[in-house]
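Asks: File follows, final.txt with compact mmCIF, C-alpha atoms and all ligand atoms:
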```
# COMPACT_ATOMS: atom_id res chain seq x y z
CA MET A 18 3.60 23.24 52.73
CA MET A 19 0.48 22.30 50.80
CA ALA A 20 -2.58 22.13 52.96
CA ASN A 21 -5.31 19.53 52.66
CA LEU A 22 -7.22 20.58 49.54
CA GLY A 23 -10.51 19.18 50.69
CA ASN A 24 -12.57 18.39 47.62
CA MET A 25 -10.81 19.63 44.48
CA TYR A 26 -14.14 20.46 42.83
CA GLY A 27 -16.22 21.64 45.76
CA PRO A 28 -16.33 22.73 49.39
CA ASN A 29 -13.92 21.23 51.89
CA PHE A 30 -15.50 18.45 53.94
CA SER A 31 -14.15 15.08 55.01
CA PHE A 32 -15.54 11.55 54.69
CA LEU A 33 -18.48 11.50 57.15
CA GLY A 34 -16.85 14.16 59.31
CA ILE A 35 -13.67 12.24 60.24
CA PRO A 36 -10.53 14.27 61.06
CA GLN A 37 -8.44 15.55 58.17
CA CYS A 38 -4.71 15.18 57.65
CA ASP A 39 -2.17 16.60 55.22
CA LEU A 40 0.05 14.19 53.30
CA ASP A 41 2.77 16.86 53.21
CA ASP A 42 2.83 16.98 57.01
CA PRO A 43 3.84 13.55 58.42
CA LYS A 44 2.93 14.59 61.96
CA SER A 45 -0.68 15.04 60.89
CA PHE A 46 -1.06 11.33 60.03
CA GLU A 47 1.25 9.76 62.60
CA GLY A 48 -0.19 6.50 63.88
CA ALA A 49 -3.01 6.39 61.33
CA ASP A 50 -4.52 2.97 60.59
CA VAL A 51 -6.29 4.12 57.45
CA ILE A 52 -5.90 7.20 55.26
CA ILE A 53 -8.63 8.10 52.78
CA VAL A 54 -7.57 10.13 49.77
CA GLY A 55 -9.52 11.43 46.78
CA ALA A 56 -8.26 10.91 43.21
CA PRO A 57 -10.48 13.32 41.24
CA ILE A 58 -9.51 12.53 37.66
CA ASP A 59 -11.54 11.21 34.72
CA SER A 60 -9.23 11.96 31.81
CA GLY A 61 -8.80 8.19 31.40
CA THR A 62 -12.44 7.50 30.53
CA SER A 63 -13.20 5.95 27.13
CA HIS A 64 -16.89 6.95 27.08
CA ARG A 65 -18.88 9.38 29.20
CA SER A 66 -16.85 11.29 31.80
CA GLY A 67 -17.61 12.88 35.15
CA ALA A 68 -15.96 10.48 37.61
CA LYS A 69 -13.69 13.31 38.76
CA PHE A 70 -16.67 14.37 40.87
CA GLY A 71 -16.75 10.91 42.47
CA PRO A 72 -14.69 11.62 45.60
CA GLN A 73 -16.92 14.39 46.91
CA ALA A 74 -20.08 12.41 46.09
CA ILE A 75 -18.74 9.38 47.97
CA ARG A 76 -17.72 11.49 50.98
CA MET A 77 -21.18 13.03 51.10
CA GLY A 78 -23.32 9.96 50.28
CA ASP A 79 -24.86 9.24 53.66
CA TYR A 80 -28.14 10.27 55.29
CA LEU A 81 -26.92 10.04 58.90
CA PRO A 82 -25.19 12.93 60.71
CA HIS A 83 -21.61 13.36 59.49
CA ASP A 84 -20.26 13.07 63.01
CA GLY A 85 -17.26 10.82 62.47
CA GLN A 86 -18.89 7.67 63.81
CA ARG A 87 -20.70 4.67 62.26
CA PRO A 88 -21.30 1.61 64.44
CA HIS A 89 -21.89 -1.37 62.13
CA LEU A 90 -25.13 -3.21 62.85
CA ALA A 91 -23.94 -6.77 62.16
CA LEU A 92 -20.22 -6.56 62.97
CA ARG A 93 -20.92 -4.60 66.17
CA ILE A 94 -17.93 -2.36 65.79
CA ASP A 95 -17.39 1.27 64.77
CA GLY A 96 -14.67 1.36 62.13
CA LEU A 97 -14.38 5.14 62.34
CA LYS A 98 -13.82 5.03 66.11
CA GLU A 99 -11.94 1.75 66.54
CA LEU A 100 -9.40 2.68 63.87
CA LYS A 101 -7.57 5.95 63.43
CA VAL A 102 -9.09 6.93 60.07
CA LEU A 103 -8.06 10.25 58.51
CA ASP A 104 -9.09 12.01 55.31
CA ALA A 105 -6.20 13.55 53.36
CA GLY A 106 -8.59 15.33 50.99
CA ASP A 107 -8.25 15.20 47.23
CA LEU A 108 -4.89 15.10 45.50
CA LEU A 109 -4.25 17.93 43.08
CA MET A 110 -4.74 16.12 39.78
CA PRO A 111 -4.61 18.41 36.73
CA PRO A 112 -7.24 17.09 34.26
CA GLY A 113 -5.04 17.92 31.29
CA ASP A 114 -2.12 15.87 32.55
CA LEU A 115 -3.17 12.32 33.36
CA GLU A 116 0.40 11.04 33.56
CA LYS A 117 1.40 13.65 36.14
CA SER A 118 -1.85 13.11 38.05
CA LEU A 119 -1.14 9.39 38.33
CA GLU A 120 2.44 10.07 39.45
CA VAL A 121 1.07 12.26 42.26
CA LEU A 122 -1.25 9.42 43.29
CA LYS A 123 1.51 6.82 43.18
CA MET A 124 3.69 8.96 45.47
CA ALA A 125 0.72 9.45 47.83
CA THR A 126 -0.10 5.75 48.26
CA GLU A 127 3.57 4.86 48.66
CA LYS A 128 3.79 7.47 51.41
CA ILE A 129 0.65 6.13 53.10
CA SER A 130 1.94 2.56 52.90
CA ARG A 131 5.33 3.52 54.32
CA ALA A 132 3.54 5.24 57.21
CA GLY A 133 2.03 1.85 58.06
CA ALA A 134 -1.51 2.82 57.07
CA ILE A 135 -4.03 1.27 54.71
CA ALA A 136 -4.84 3.55 51.76
CA ILE A 137 -8.46 3.97 50.68
CA ILE A 138 -8.65 5.80 47.38
CA LEU A 139 -11.85 7.45 46.16
CA GLY A 140 -11.88 7.66 42.34
CA GLY A 141 -11.85 8.93 39.80
CA ASP A 142 -11.87 6.67 36.75
CA HIS A 143 -10.15 3.30 36.93
CA SER A 144 -6.87 4.52 35.46
CA VAL A 145 -6.08 5.46 39.07
CA ALA A 146 -5.56 1.77 39.93
CA SER A 147 -2.39 1.67 37.82
CA ALA A 148 -0.91 4.26 40.19
CA ASP A 149 -2.43 3.55 43.59
CA VAL A 150 -1.49 -0.14 43.50
CA ALA A 151 1.95 0.64 42.05
CA GLY A 152 2.64 3.06 44.92
CA ILE A 153 1.89 0.40 47.53
CA ALA A 154 3.90 -2.21 45.59
CA ALA A 155 6.84 0.23 45.51
CA HIS A 156 6.88 0.02 49.29
CA ARG A 157 5.93 -3.62 49.89
CA GLY A 158 7.81 -5.13 46.97
CA ALA A 159 6.99 -6.10 43.39
CA GLY A 160 4.79 -9.18 43.26
CA LYS A 161 4.25 -9.17 47.02
CA ILE A 162 0.67 -7.94 46.99
CA SER A 163 -2.16 -9.75 45.27
CA MET A 164 -5.17 -8.14 43.68
CA ILE A 165 -8.92 -8.77 43.90
CA HIS A 166 -10.73 -6.66 41.34
CA PHE A 167 -14.50 -6.20 41.01
CA ASP A 168 -15.56 -4.88 37.63
CA ALA A 169 -17.81 -5.44 34.64
CA HIS A 170 -14.72 -4.92 32.51
CA ALA A 171 -11.31 -6.61 32.60
CA ASP A 172 -9.39 -3.32 32.16
CA THR A 173 -6.54 -5.31 30.64
CA GLY A 174 -6.39 -3.60 27.26
CA ASP A 175 -2.95 -2.94 25.84
CA LEU A 176 -3.86 0.42 24.33
CA GLN A 177 -6.90 2.67 24.67
CA PHE A 178 -7.38 4.71 21.50
CA GLY A 179 -3.65 4.31 21.02
CA ALA A 180 -2.69 5.42 24.52
CA LEU A 181 -1.03 3.29 27.20
CA ILE A 182 -2.86 5.08 30.01
CA GLY A 183 -6.63 4.99 30.35
CA HIS A 184 -9.35 3.33 32.39
CA GLY A 185 -9.32 0.31 30.07
CA THR A 186 -5.64 -0.53 30.58
CA PRO A 187 -4.56 -0.21 34.26
CA MET A 188 -4.53 -3.93 35.04
CA ARG A 189 -2.27 -4.64 32.06
CA ARG A 190 0.12 -1.90 33.23
CA LEU A 191 0.25 -3.37 36.76
CA ILE A 192 1.09 -6.84 35.45
CA ASP A 193 3.48 -5.61 32.73
CA SER A 194 5.43 -3.59 35.32
CA LYS A 195 5.48 -6.66 37.62
CA ALA A 196 3.92 -4.63 40.44
CA VAL A 197 1.35 -7.46 40.70
CA ARG A 198 1.77 -11.06 39.53
CA GLY A 199 -0.71 -12.11 36.86
CA ASP A 200 -1.31 -15.40 38.66
CA ARG A 201 -2.25 -13.53 41.84
CA PHE A 202 -4.67 -11.24 40.01
CA LEU A 203 -8.35 -12.12 40.38
CA GLN A 204 -11.31 -10.46 38.72
CA LEU A 205 -14.98 -10.85 39.68
CA GLY A 206 -18.09 -9.81 37.81
CA LEU A 207 -16.89 -9.50 34.21
CA ARG A 208 -19.58 -9.51 31.52
CA GLY A 209 -20.71 -7.90 28.30
CA TYR A 210 -18.77 -7.63 25.04
CA TRP A 211 -15.22 -6.63 25.87
CA PRO A 212 -12.33 -7.50 25.60
CA GLY A 213 -11.71 -9.62 22.50
CA ASP A 214 -9.72 -12.79 21.89
CA GLU A 215 -6.25 -11.28 21.75
CA THR A 216 -6.62 -9.66 25.17
CA LEU A 217 -8.25 -12.76 26.69
CA GLN A 218 -5.33 -14.85 25.46
CA TRP A 219 -2.91 -12.40 27.04
CA MET A 220 -4.84 -12.64 30.33
CA ALA A 221 -4.75 -16.44 30.25
CA ALA A 222 -1.01 -16.39 29.52
CA GLN A 223 -0.47 -14.29 32.68
CA GLY A 224 -2.30 -16.88 34.78
CA MET A 225 -5.09 -14.47 35.67
CA ARG A 226 -8.40 -15.82 37.00
CA SER A 227 -11.45 -13.89 35.83
CA TYR A 228 -14.88 -14.92 37.09
CA GLU A 229 -17.57 -13.98 34.64
CA MET A 230 -20.87 -12.85 36.16
CA THR A 231 -22.77 -15.97 35.09
CA GLU A 232 -20.17 -18.24 36.69
CA ILE A 233 -20.53 -16.34 39.98
CA HIS A 234 -24.32 -16.62 39.76
CA HIS A 235 -24.29 -20.36 39.13
CA ARG A 236 -21.57 -21.32 41.61
CA GLY A 237 -22.58 -18.77 44.24
CA LEU A 238 -20.49 -15.92 45.60
CA SER A 239 -19.21 -17.77 48.68
CA PRO A 240 -17.47 -20.68 46.88
CA VAL A 241 -15.94 -18.22 44.41
CA LEU A 242 -14.58 -16.14 47.31
CA ASP A 243 -13.25 -19.26 49.07
CA GLU A 244 -11.38 -20.24 45.93
CA SER A 245 -10.13 -16.67 45.42
CA PHE A 246 -8.85 -16.32 48.99
CA ALA A 247 -6.62 -19.40 48.63
CA ILE A 248 -4.96 -17.93 45.53
CA LEU A 249 -4.66 -14.39 46.95
CA THR A 250 -2.80 -15.48 50.08
CA ASP A 251 -0.46 -17.95 48.34
CA GLY A 252 2.97 -16.32 48.52
CA CYS A 253 1.63 -12.77 48.93
CA ASP A 254 1.47 -10.94 52.25
CA GLY A 255 -0.99 -8.22 51.36
CA VAL A 256 -4.12 -7.87 49.26
CA PHE A 257 -5.39 -4.85 47.34
CA LEU A 258 -9.15 -4.59 46.75
CA SER A 259 -10.22 -2.62 43.69
CA VAL A 260 -13.94 -1.91 43.30
CA ASP A 261 -15.26 -0.50 40.05
CA ILE A 262 -18.81 0.42 40.98
CA ASP A 263 -19.95 -0.76 37.52
CA VAL A 264 -19.57 -4.36 38.77
CA VAL A 265 -23.02 -3.73 40.25
CA ASP A 266 -25.98 -3.85 37.91
CA PRO A 267 -26.78 -0.44 36.38
CA GLY A 268 -30.24 -0.77 37.92
CA MET A 269 -28.59 -0.42 41.35
CA ALA A 270 -25.61 1.69 40.25
CA PRO A 271 -26.56 3.86 37.29
CA GLY A 272 -24.13 6.66 38.09
CA THR A 273 -21.14 5.41 36.16
CA GLY A 274 -19.47 6.04 32.81
CA THR A 275 -19.64 2.63 31.09
CA PRO A 276 -22.67 0.77 32.49
CA GLU A 277 -23.06 -2.91 31.58
CA PRO A 278 -26.36 -4.72 32.27
CA GLY A 279 -26.49 -7.99 34.22
CA GLY A 280 -24.26 -7.18 37.19
CA MET A 281 -24.16 -8.23 40.80
CA SER A 282 -26.49 -6.76 43.35
CA SER A 283 -25.34 -4.09 45.77
CA ARG A 284 -25.93 -6.58 48.59
CA GLU A 285 -23.61 -9.14 47.00
CA LEU A 286 -20.87 -6.54 46.58
CA LEU A 287 -21.16 -5.38 50.20
CA GLU A 288 -21.11 -8.96 51.47
CA ALA A 289 -18.01 -9.69 49.41
CA VAL A 290 -16.24 -6.54 50.64
CA ARG A 291 -17.08 -7.44 54.23
CA ARG A 292 -15.63 -10.95 53.91
CA ILE A 293 -12.54 -9.80 52.01
CA CYS A 294 -11.64 -7.12 54.52
CA PHE A 295 -12.47 -9.36 57.49
CA GLU A 296 -10.49 -12.38 56.32
CA LEU A 297 -7.60 -11.02 54.23
CA PRO A 298 -4.59 -8.77 55.01
CA ILE A 299 -5.83 -5.70 53.15
CA VAL A 300 -3.21 -3.07 52.27
CA GLY A 301 -5.34 -0.82 50.09
CA VAL A 302 -8.79 -0.31 48.62
CA ASP A 303 -9.97 1.82 45.73
CA VAL A 304 -13.59 2.62 44.85
CA VAL A 305 -13.81 4.05 41.38
CA GLU A 306 -15.99 5.09 38.46
CA VAL A 307 -18.74 6.82 40.44
CA CYS A 308 -20.06 9.46 38.06
CA PRO A 309 -22.60 11.67 39.86
CA ALA A 310 -23.98 13.36 36.73
CA PHE A 311 -25.49 10.06 35.58
CA ASP A 312 -26.65 9.00 39.03
CA SER A 313 -30.26 8.82 40.12
CA ALA A 314 -31.21 9.91 43.64
CA ASP A 315 -27.54 9.48 44.64
CA ILE A 316 -27.92 5.70 44.85
CA THR A 317 -24.54 4.96 43.27
CA ALA A 318 -22.71 7.44 45.52
CA ILE A 319 -24.47 6.04 48.58
CA LEU A 320 -23.48 2.51 47.56
CA ALA A 321 -19.84 3.58 47.13
CA ASN A 322 -19.95 5.26 50.55
CA ARG A 323 -21.22 1.97 52.01
CA VAL A 324 -18.46 0.01 50.26
CA VAL A 325 -15.92 2.21 52.06
CA LEU A 326 -17.75 1.84 55.39
CA GLU A 327 -18.09 -1.92 54.97
CA ALA A 328 -14.35 -2.15 54.35
CA LEU A 329 -13.51 0.04 57.35
CA SER A 330 -15.86 -1.88 59.65
CA ALA A 331 -14.46 -5.26 58.59
CA ILE A 332 -10.84 -4.06 58.86
CA ALA A 333 -11.62 -2.87 62.40
CA ALA A 334 -13.29 -6.17 63.30
CA LYS A 335 -10.32 -8.13 61.98
CA LYS A 336 -7.87 -5.96 63.90
CA LYS A 337 -9.82 -6.48 67.11
CA GLY A 338 -9.91 -10.24 66.55
CA LEU A 339 -13.70 -10.39 66.62
CA SER A 340 -15.44 -13.49 65.44
CA TYR A 341 -18.25 -13.06 62.99
CA SER A 342 -20.70 -15.32 61.26
CA PRO A 343 -23.03 -14.17 58.48
CA VAL A 344 -25.78 -16.41 59.88
CA ARG A 345 -25.68 -15.31 63.50
CA ASN A 346 -28.86 -13.98 65.12
CA LEU A 347 -28.34 -10.23 65.14
CA LEU A 348 -29.70 -9.92 68.68
CA ASP A 349 -27.54 -12.68 70.23
CA ARG A 350 -24.97 -10.82 72.26
MN MN A 401 -12.79 -0.72 35.70
```
Show this structure as structure tokens.
Replies:
Amino acid sequence: MMANLGNMYGPNFSFLGIPQCDLDDPKSFEGADVIIVGAPIDSGTSHRSGAKFGPQAIRMGDYLPHDGQRPHLALRIDGLKELKVLDAGDLLMPPGDLEKSLEVLKMATEKISRAGAIAIILGGDHSVASADVAGIAAHRGAGKISMIHFDAHADTGDLQFGALIGHGTPMRRLIDSKAVRGDRFLQLGLRGYWPGDETLQWMAAQGMRSYEMTEIHHRGLSPVLDESFAILTDGCDGVFLSVDIDVVDPGMAPGTGTPEPGGMSSRELLEAVRRICFELPIVGVDVVEVCPAFDSADITAILANRVVLEALSAIAAKKKGLSYSPVRNLLDR
């Protein structure tokens, strides 16, 4: 039996000190609500690499004691205590074999989904989405889960330097394989200079909806989320949330491989994650493209850590049936 690896590229510690489990030992994750797993691979990057060190940076990115608890100030719930959240450590992902690495990840998320738990995957470059979502879809049914994807880039390329697998192609692979329906695939925060016409036409033909950053700015995040939620829950019974940290402006998230200026603020991302996980039936979350070598004062890793915590807190609040309003006086009890 393979034990929990801990961090593939560093000492063994769990996300904020939560208990560990071993995906090869079903007893160790019996009854889990959420299982966190690291996907330490960056062989899919098209530009500067280093995201394979993302999982350990995300686990560590917090200035409070790593004591397995985190009561949320606004939601008034402790996601780490209210839910049974376990850390399965990093998957063994050989950097020279991206295909095999992704197969390992797909098997892991399918196993987590079949155990009735929500998978939270710490990337890794975004190629991991092609596997982690596919694993959950293998359990819940093709086309049965919808996708909300935060990113500066569409990641819908057909080929990346001639290869089918890479961090620029996972969303095309998920739609091509019918794991996720194109018309239940939403993207928020796109900007910059990629992709080109041919790819955009393909995206339109799939019925995708991609909100460019300027549209979100002018319409406001809330109306865009309202519109998205109606599409995501139409005929699908679960939602996967994929967060490429480069959706946030490089000024607030510099530690990433392909930074694109003009992104959303970290506050907007956290608010969106809170609403999504509070209001939608989340079946999985990935947080990808954190690249510690290009970070400054750990701010990107800390943001990614907070994205995970925001998701956990909101999932716990939803499960408990709490009511929440973003405009409530914090001190009204
Ligand atoms: Mn991406």
Asks: Would you compute, for all listed atoms of region 75-81 of chain A, the axis-aligned bounding box grown by 3 Å on each side, and then report its centre and edge lengths in Å rounded to one decimal, as JSON?
Replies:
```
{"center_x": -22.9, "center_y": 11.1, "center_z": 53.4, "size_x": 16.4, "size_y": 9.8, "size_z": 16.9}
```
Asks: Each residue of chain A with at least one atom at most 7 Å from ligand MN 401 (chain A) should appear once, together with its nearest atom pair and the corresponding distance in Å (one decimal); atoms considered: only C-alpha atoms and all ligand atoms; ordering: chain, then increasing residue number; output as a Markdown table.
Replies:
```
| residue | atom | partner | partner_atom | distance |
| --- | --- | --- | --- | --- |
| A:His143 | CA | A:MN401 | MN | 5.0 |
| A:Asp168 | CA | A:MN401 | MN | 5.4 |
| A:Ala169 | CA | A:MN401 | MN | 7.0 |
| A:His170 | CA | A:MN401 | MN | 5.6 |
| A:Ala171 | CA | A:MN401 | MN | 6.8 |
| A:Asp172 | CA | A:MN401 | MN | 5.6 |
| A:His184 | CA | A:MN401 | MN | 6.3 |
| A:Gly185 | CA | A:MN401 | MN | 6.7 |
| A:Asp261 | CA | A:MN401 | MN | 5.0 |
```
Asks: Report, in Å with one decimal, the straight-line distance from CA of Ala134 (chain A) to CA of Ile52 (chain A).
Replies: 6.5 Å
Asks: Rank A:Pro276, A:Gly224, A:Gly48, A:Pro240 by their smallest atom-to-atom distance to Leu103 (chain A), using all atoms listed in the file, and report the top residue only.
Replies: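 Result for the nearest residue to Leu103 (chain A): A:Gly48.
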Asks: Counting only C-alpha atoms, which of A:Ile293, A:Met269, A:Met164, A:Leu119 gets nearest to Cys253 (chain A)?
Replies: A:Met164
Asks: What is the distance between CA of Tyr341 (chain A) and CA of Ser282 (chain A), in Å to one decimal?
Replies: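 About the pair CA of Tyr341 (chain A) and CA of Ser282 (chain A): they are 22.2 Å apart.
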Asks: Can you measure CA of Ser45 (chain A) to CA of Ala132 (chain A) for me? One decimal in Å is fine.
Replies: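 A separation of 11.3 Å between them.
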Asks: Find the residue from A:Ser313, A:Thr173, A:Ser130, A:Ser118 that sits nearest to Ile58 (chain A); use only C-alpha atoms when measuring.
Replies: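 Among A:Ser313, A:Thr173, A:Ser130, A:Ser118, it is A:Ser118 that comes nearest to Ile58 (chain A).
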Asks: Can you list, as a ChimeraX atom specification, every protein, DNA or RNA residue that comes within 10 Å of Phe30 (chain A) when you count only C-alpha atoms, leaving out same-chain residues fewer than 6 positions away?
Replies: /A:22-24,36-37,73,76-77,83,104,106
Asks: Take the residues that were just selected and, keeping C-alpha atoms, output them as a PDB file, keeping the file's coordinate frame.
Replies:
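File produced: selection-v8.pdb:
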```pdb
ATOM      1  CA  LEU A  22      -7.220  20.580  49.540  1.00  0.00           C
ATOM      2  CA  GLY A  23     -10.510  19.180  50.690  1.00  0.00           C
ATOM      3  CA  ASN A  24     -12.570  18.390  47.620  1.00  0.00           C
ATOM      4  CA  PRO A  36     -10.530  14.270  61.060  1.00  0.00           C
ATOM      5  CA  GLN A  37      -8.440  15.550  58.170  1.00  0.00           C
ATOM      6  CA  GLN A  73     -16.920  14.390  46.910  1.00  0.00           C
ATOM      7  CA  ARG A  76     -17.720  11.490  50.980  1.00  0.00           C
ATOM      8  CA  MET A  77     -21.180  13.030  51.100  1.00  0.00           C
ATOM      9  CA  HIS A  83     -21.610  13.360  59.490  1.00  0.00           C
ATOM     10  CA  ASP A 104      -9.090  12.010  55.310  1.00  0.00           C
ATOM     11  CA  GLY A 106      -8.590  15.330  50.990  1.00  0.00           C
TER      12      GLY A 106
END
```
Asks: So which one's closest to Asp175 (chain A), A:Ser194, A:Thr62, A:Thr216, A:Ser163? Using all atoms listed in the file, please.
Replies: A:Thr216
Asks: If we count only C-alpha atoms, what is near Leu176 (chain A) at a cut-off of 10 Å, once residues fewer than 2 positions away on the same chain are taken out, given as a list in words?
Replies: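 Listed by chain and then number, they are Thr173, Gly174, Phe178, Gly179, Ala180, Leu181, Ile182, Gly183, Gly185, Thr186, Pro187 and Arg189 of chain A.
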Asks: Find the residue from A:Arg87, A:Gly71, A:Asp315, A:Gly55 that sits nearest to Ile35 (chain A); use all atoms listed in the file when measuring.
Replies: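 Smallest distance to Ile35 (chain A) is found for A:Arg87.
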Asks: Complete region 201-224 of chain A at the level of N, CA and C atoms, written as a tab-separated table (two decimals), keeping the file's coordinate frame.
Replies:
```tsv
chain	number	residue	atom	x	y	z
A	201	ARG	N	-1.66	-13.91	40.55
A	201	ARG	CA	-2.25	-13.53	41.84
A	201	ARG	C	-3.21	-12.36	41.62
A	202	PHE	N	-3.78	-12.34	40.43
A	202	PHE	CA	-4.67	-11.24	40.01
A	202	PHE	C	-6.04	-11.83	39.70
A	203	LEU	N	-7.02	-11.54	40.56
A	203	LEU	CA	-8.35	-12.12	40.38
A	203	LEU	C	-9.36	-11.04	40.03
A	204	GLN	N	-10.27	-11.41	39.16
A	204	GLN	CA	-11.31	-10.46	38.72
A	204	GLN	C	-12.68	-11.11	38.92
A	205	LEU	N	-13.63	-10.33	39.45
A	205	LEU	CA	-14.98	-10.85	39.68
A	205	LEU	C	-16.01	-9.92	39.04
A	206	GLY	N	-16.94	-10.55	38.31
A	206	GLY	CA	-18.09	-9.81	37.81
A	206	GLY	C	-18.03	-9.40	36.36
A	207	LEU	N	-17.02	-9.90	35.62
A	207	LEU	CA	-16.89	-9.50	34.21
A	207	LEU	C	-18.12	-9.95	33.41
A	208	ARG	N	-18.44	-9.18	32.39
A	208	ARG	CA	-19.58	-9.51	31.52
A	208	ARG	C	-19.58	-8.58	30.31
A	209	GLY	N	-20.52	-8.81	29.43
A	209	GLY	CA	-20.71	-7.90	28.30
A	209	GLY	C	-19.93	-8.33	27.07
A	210	TYR	N	-19.29	-7.40	26.39
A	210	TYR	CA	-18.77	-7.63	25.04
A	210	TYR	C	-17.33	-7.16	24.85
A	211	TRP	N	-16.61	-7.06	25.94
A	211	TRP	CA	-15.22	-6.63	25.87
A	211	TRP	C	-14.43	-7.30	26.97
A	212	PRO	N	-13.18	-7.68	26.78
A	212	PRO	CA	-12.33	-7.50	25.60
A	212	PRO	C	-12.47	-8.66	24.60
A	213	GLY	N	-11.69	-8.59	23.54
A	213	GLY	CA	-11.71	-9.62	22.50
A	213	GLY	C	-10.66	-10.68	22.74
A	214	ASP	N	-10.56	-11.59	21.76
A	214	ASP	CA	-9.72	-12.79	21.89
A	214	ASP	C	-8.26	-12.51	22.26
A	215	GLU	N	-7.68	-11.53	21.55
A	215	GLU	CA	-6.25	-11.28	21.75
A	215	GLU	C	-5.96	-10.94	23.22
A	216	THR	N	-6.80	-10.07	23.77
A	216	THR	CA	-6.62	-9.66	25.17
A	216	THR	C	-6.90	-10.82	26.12
A	217	LEU	N	-7.93	-11.61	25.82
A	217	LEU	CA	-8.25	-12.76	26.69
A	217	LEU	C	-7.10	-13.76	26.69
A	218	GLN	N	-6.47	-13.93	25.53
A	218	GLN	CA	-5.33	-14.85	25.46
A	218	GLN	C	-4.16	-14.31	26.30
A	219	TRP	N	-3.97	-13.00	26.23
A	219	TRP	CA	-2.91	-12.40	27.04
A	219	TRP	C	-3.19	-12.64	28.53
A	220	MET	N	-4.45	-12.44	28.92
A	220	MET	CA	-4.84	-12.64	30.33
A	220	MET	C	-4.59	-14.08	30.77
A	221	ALA	N	-4.96	-15.02	29.91
A	221	ALA	CA	-4.75	-16.44	30.25
A	221	ALA	C	-3.26	-16.73	30.38
A	222	ALA	N	-2.46	-16.14	29.50
A	222	ALA	CA	-1.01	-16.39	29.52
A	222	ALA	C	-0.37	-15.85	30.81
A	223	GLN	N	-1.00	-14.84	31.42
A	223	GLN	CA	-0.47	-14.29	32.68
A	223	GLN	C	-0.88	-15.14	33.88
A	224	GLY	N	-1.79	-16.08	33.66
A	224	GLY	CA	-2.30	-16.88	34.78
A	224	GLY	C	-3.37	-16.18	35.58
```
